[in-house]
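Engineer: Take a look at the following structure, please.
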Amino acid sequence: MQEKLFLFCIVLTYLYLCGVLYGVKLKTNSMMKTNAFRLITLLMLLVVCGIQNPAQAQKDKIYTEDDVKKGSVKAPFFKKSGDMEQSIKKYLDDNYRAPYSASQRETFVIRFVVEKDGTLSNFDFKEDSDDFHGFIPVDYLVTNELQRVLEAMPKMTPAKKNGKSVRYEAYFYVELTDKLRVYDVADEMPQFPGGINAMFDWLNKNIQYPSEAKKKGIQGRFNVLFIVEKDGSLSNVEVVKRENSSIFEPEIHRLMKTMPKWKPGKIAGEAVRVNFTLPIMFRITD
């Protein structure tokens, strides 16, 4: 009804202007009148395109938490959870992979619109900064990662007003840590229980020299790459390739599997995953 009324007003205005032009007795030629009609038509098109009718404005209105508090709108939710904010925070925490330009732990203000079909749009991110006493634009790599995670998120159940889906702006703080990020350097580097000397004592006691290498008199020093996990376990073991490394690799992998858990690396007092390189020497002593 509102749309029809709006269009009716536009037509009335157009006819009125045309009537004014006819009613004014100007000594003008037909070309000038034609140009005047064209100008009026152009102006009316601009009005129609530039002014949003009331029905359309209502249709595209974006509701907020205030509307939810008033009880006029039912908030959107994610994965059947009643608490949209907490469920999205958990999703971000599980899927966010911080770029190397990011800090170990960061606090963001995240704003986006939940569309009527449950997709997200209009992303805006700000970072909490003690140095600047407020919120600052987020590093573009972090922005791209946050947007990647949110765009890949399964559709939400949209907000509802009178049983119909409506657009809704979500806004909340979130503190994120990349759980899977691996560091090359930490405040406290990982350590074998008892220290480096204890580690080499353990290796000397537990190495089983490969029989093939021993028969051929092959010795060598091999660099082993691995990750010390947050719980001190070792993962992603890889032997740097070099001559004869294939002979020693099975024994190196066995050693790393049986090695005791390490003291994990830490950043700001929190355990983190850290890359580590360990040289292992195979030397025939008999």
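Chain labels A, B, ... are given in the sequence in which chains occur in the structure tokens; within each chain residues are numbered consecutively from 1, and ligands are likewise numbered from 1 in the order shown.
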Compile the contact shell of segment 72-88 of chain A as a VMD selection string: residues with an atom at most 7 Å away, counting only C-alpha atoms, same-chain residues fewer than 5 positions apart removed.

Structural biologist: chain A and resid 67 156 to 161

Engineer: If you count only C-alpha atoms, which residues fall within 7 Å of Ala170 of chain A, apart from same-chain ones fewer than 4 positions away, as a CSV table (one decimal) with N, CA and C atoms, in the first residue's frame?

Structural biologist:
```csv
chain,number,residue,atom,x,y,z
A,64,THR,N,19.0,-3.6,15.6
A,64,THR,CA,20.2,-3.7,16.5
A,64,THR,C,19.8,-4.4,17.8
A,111,ARG,N,32.1,-6.0,13.9
A,111,ARG,CA,30.8,-5.5,13.5
A,111,ARG,C,30.4,-6.1,12.2
A,112,PHE,N,29.2,-6.6,12.0
A,112,PHE,CA,28.8,-7.1,10.7
A,112,PHE,C,27.3,-7.1,10.7
A,113,VAL,N,26.7,-7.3,9.5
A,113,VAL,CA,25.3,-7.4,9.4
A,113,VAL,C,24.9,-8.8,9.0
```

Engineer: Out of A:Leu255, A:Leu278, A:Val182, A:Ile207, which residue has the shortest atom-to-atom distance to Leu225 of chain A when counting only C-alpha atoms?

Structural biologist: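 Closest candidate: A:Leu278.
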
Engineer: Check the smallest atom-to-atom distance from each of A:Asp231, A:Glu188, A:Asp117, A:Glu212 to Lys266 of chain A using only C-alpha atoms, then report the winner.

Structural biologist: A:Glu188

Engineer: One decimal, in Å: what's the spacing between atom CA of Leu176 of chain A and atom CA of Glu229 of chain A?

Structural biologist: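 So the answer is 18.9 Å.
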
Engineer: Tell me which of A:Asp178, A:Lys214, A:Phe125, A:Ser233 sits closest to Trp262 of chain A, counting only C-alpha atoms.

Structural biologist: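 Using only C-alpha atoms, the shortest distance to Trp262 of chain A belongs to A:Ser233.
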
Engineer: Name all residues at most 12 Å from Lys241 of chain A (count only C-alpha atoms; drop same-chain ones fewer than 2 positions away) and give them as a list in words.

Structural biologist: Gly220, Arg221, Phe222, Asn223, Val224, Leu225, Glu238, Val239, Glu243, Asn244, Ser245, Ser246, Ile247, Phe248 and Glu249 of chain A

Engineer: Taking all heavy atoms for each residue, export the selection above as a compact mmCIF listing (two decimals), in the first residue's frame.

Structural biologist:
```
# COMPACT_ATOMS: atom_id res chain seq x y z
N GLY A 220 77.37 -39.99 10.93
CA GLY A 220 76.82 -38.72 10.44
C GLY A 220 76.09 -37.93 11.50
O GLY A 220 75.71 -38.45 12.55
N ARG A 221 75.92 -36.67 11.18
CA ARG A 221 75.18 -35.74 12.05
C ARG A 221 73.95 -35.29 11.27
O ARG A 221 74.07 -34.78 10.16
CB ARG A 221 76.05 -34.54 12.41
CG ARG A 221 75.39 -33.50 13.31
CD ARG A 221 76.41 -32.41 13.61
NE ARG A 221 75.88 -31.37 14.46
CZ ARG A 221 75.24 -30.29 14.03
NH1 ARG A 221 75.03 -30.11 12.72
NH2 ARG A 221 74.79 -29.37 14.88
N PHE A 222 72.78 -35.48 11.87
CA PHE A 222 71.53 -35.19 11.16
C PHE A 222 70.68 -34.19 11.96
O PHE A 222 70.51 -34.34 13.17
CB PHE A 222 70.75 -36.48 10.92
CG PHE A 222 71.52 -37.50 10.14
CD1 PHE A 222 72.28 -38.46 10.80
CD2 PHE A 222 71.52 -37.48 8.75
CE1 PHE A 222 73.02 -39.39 10.08
CE2 PHE A 222 72.25 -38.41 8.03
CZ PHE A 222 73.01 -39.36 8.69
N ASN A 223 70.18 -33.18 11.24
CA ASN A 223 69.31 -32.20 11.87
C ASN A 223 67.86 -32.68 11.79
O ASN A 223 67.38 -33.05 10.72
CB ASN A 223 69.43 -30.84 11.17
CG ASN A 223 70.74 -30.15 11.53
OD1 ASN A 223 71.27 -30.32 12.63
ND2 ASN A 223 71.27 -29.38 10.60
N VAL A 224 67.21 -32.65 12.94
CA VAL A 224 65.83 -33.10 13.03
C VAL A 224 64.94 -31.89 13.35
O VAL A 224 65.19 -31.17 14.33
CB VAL A 224 65.65 -34.17 14.12
CG1 VAL A 224 64.23 -34.71 14.12
CG2 VAL A 224 66.66 -35.29 13.92
N LEU A 225 63.94 -31.68 12.51
CA LEU A 225 62.99 -30.59 12.72
C LEU A 225 61.71 -31.14 13.33
O LEU A 225 61.22 -32.19 12.90
CB LEU A 225 62.66 -29.89 11.40
CG LEU A 225 63.84 -29.50 10.49
CD1 LEU A 225 63.31 -28.86 9.21
CD2 LEU A 225 64.79 -28.56 11.21
N GLU A 238 60.66 -34.26 11.18
CA GLU A 238 61.20 -34.33 9.82
C GLU A 238 62.73 -34.30 9.87
O GLU A 238 63.32 -33.48 10.57
CB GLU A 238 60.70 -33.14 9.00
CG GLU A 238 61.21 -33.11 7.57
CD GLU A 238 60.77 -31.87 6.82
OE1 GLU A 238 59.91 -31.13 7.34
OE2 GLU A 238 61.29 -31.64 5.72
N VAL A 239 63.35 -35.21 9.15
CA VAL A 239 64.81 -35.27 9.09
C VAL A 239 65.27 -34.51 7.85
O VAL A 239 64.80 -34.78 6.74
CB VAL A 239 65.31 -36.73 9.03
CG1 VAL A 239 66.85 -36.77 8.98
CG2 VAL A 239 64.79 -37.52 10.23
N GLU A 243 73.16 -36.91 2.56
CA GLU A 243 73.68 -38.23 2.17
C GLU A 243 73.52 -39.23 3.32
O GLU A 243 73.85 -38.93 4.47
CB GLU A 243 75.16 -38.11 1.79
CG GLU A 243 75.74 -39.40 1.23
CD GLU A 243 77.21 -39.26 0.84
OE1 GLU A 243 77.79 -38.17 1.05
OE2 GLU A 243 77.77 -40.25 0.32
N ASN A 244 72.96 -40.41 2.98
CA ASN A 244 72.76 -41.52 3.92
C ASN A 244 71.65 -41.27 4.95
O ASN A 244 71.45 -42.08 5.85
CB ASN A 244 74.06 -41.87 4.66
CG ASN A 244 75.14 -42.35 3.72
OD1 ASN A 244 74.89 -43.14 2.82
ND2 ASN A 244 76.36 -41.86 3.92
N SER A 245 70.93 -40.15 4.82
CA SER A 245 69.89 -39.87 5.84
C SER A 245 68.80 -40.93 5.84
O SER A 245 68.23 -41.22 6.90
CB SER A 245 69.29 -38.48 5.59
OG SER A 245 68.65 -38.42 4.32
N SER A 246 68.51 -41.52 4.68
CA SER A 246 67.44 -42.52 4.62
C SER A 246 67.75 -43.74 5.48
O SER A 246 66.84 -44.41 5.98
CB SER A 246 67.21 -42.96 3.16
OG SER A 246 68.39 -43.50 2.61
N ILE A 247 69.04 -44.04 5.67
CA ILE A 247 69.43 -45.19 6.50
C ILE A 247 69.12 -44.92 7.97
O ILE A 247 68.73 -45.83 8.72
CB ILE A 247 70.95 -45.49 6.33
CG1 ILE A 247 71.25 -45.85 4.87
CG2 ILE A 247 71.39 -46.62 7.27
CD1 ILE A 247 72.73 -46.06 4.58
N PHE A 248 69.27 -43.68 8.38
CA PHE A 248 69.12 -43.34 9.80
C PHE A 248 67.71 -42.86 10.16
O PHE A 248 67.38 -42.79 11.34
CB PHE A 248 70.14 -42.25 10.17
CG PHE A 248 71.56 -42.72 10.12
CD1 PHE A 248 72.32 -42.58 8.96
CD2 PHE A 248 72.14 -43.32 11.23
CE1 PHE A 248 73.63 -43.01 8.92
CE2 PHE A 248 73.46 -43.76 11.20
CZ PHE A 248 74.21 -43.61 10.03
N GLU A 249 66.90 -42.50 9.16
CA GLU A 249 65.58 -41.92 9.44
C GLU A 249 64.69 -42.81 10.32
O GLU A 249 64.06 -42.30 11.26
CB GLU A 249 64.86 -41.58 8.13
CG GLU A 249 65.24 -40.23 7.58
CD GLU A 249 64.35 -39.80 6.42
OE1 GLU A 249 63.13 -40.00 6.51
OE2 GLU A 249 64.88 -39.27 5.44
```

Engineer: Enter the distance from atom CA of Glu127 of chain A to atom CA of Leu180 of chain A, in Å, rounded to one decimal.

Structural biologist: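 That distance, rounded to one decimal, is 21.1 Å.
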
Engineer: Could you give me the residues within segment 55-248 of chain A that DSSP places in strand (DSSP E or B), as a PyMOL selection string?

Structural biologist: chain A and resi 62-63+74+77+105-114+120-129+134-137+157+159-161+164-177+182-183+188+191+220-228+234-239

Engineer: When distances are computed from only C-alpha atoms, which of A:Val109, A:Val272, A:Leu203, A:Met153 shows the smallest separation from Pro260 of chain A?

Structural biologist: A:Leu203

Engineer: With only C-alpha atoms as the atoms that count, which of A:Val114, A:Val138, A:Val237, A:Ala98 lies nearest to Ser165 of chain A?

Structural biologist: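 Ranked by minimum distance to Ser165 of chain A, first place goes to A:Val114.
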
Engineer: I need the helix (DSSP H, G or I) residues of segment 110-229 of chain A per DSSP on the backbone, written as number ranges by chain.

Structural biologist: A: 140-152, 196-206, 211-216

Engineer: Go ahead and compute the interatomic distance for atom CA of Lys89 of chain A and atom CA of Glu175 of chain A, in Å to one decimal.

Structural biologist: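 Interatomic distance, atom CA of Lys89 of chain A to atom CA of Glu175 of chain A: 8.3 Å.
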
Engineer: Given the choices A:Glu251, A:Glu169, A:Glu151, A:Glu270, which gets closest to Tyr91 of chain A if the distance is worked out from only C-alpha atoms?

Structural biologist: A:Glu151
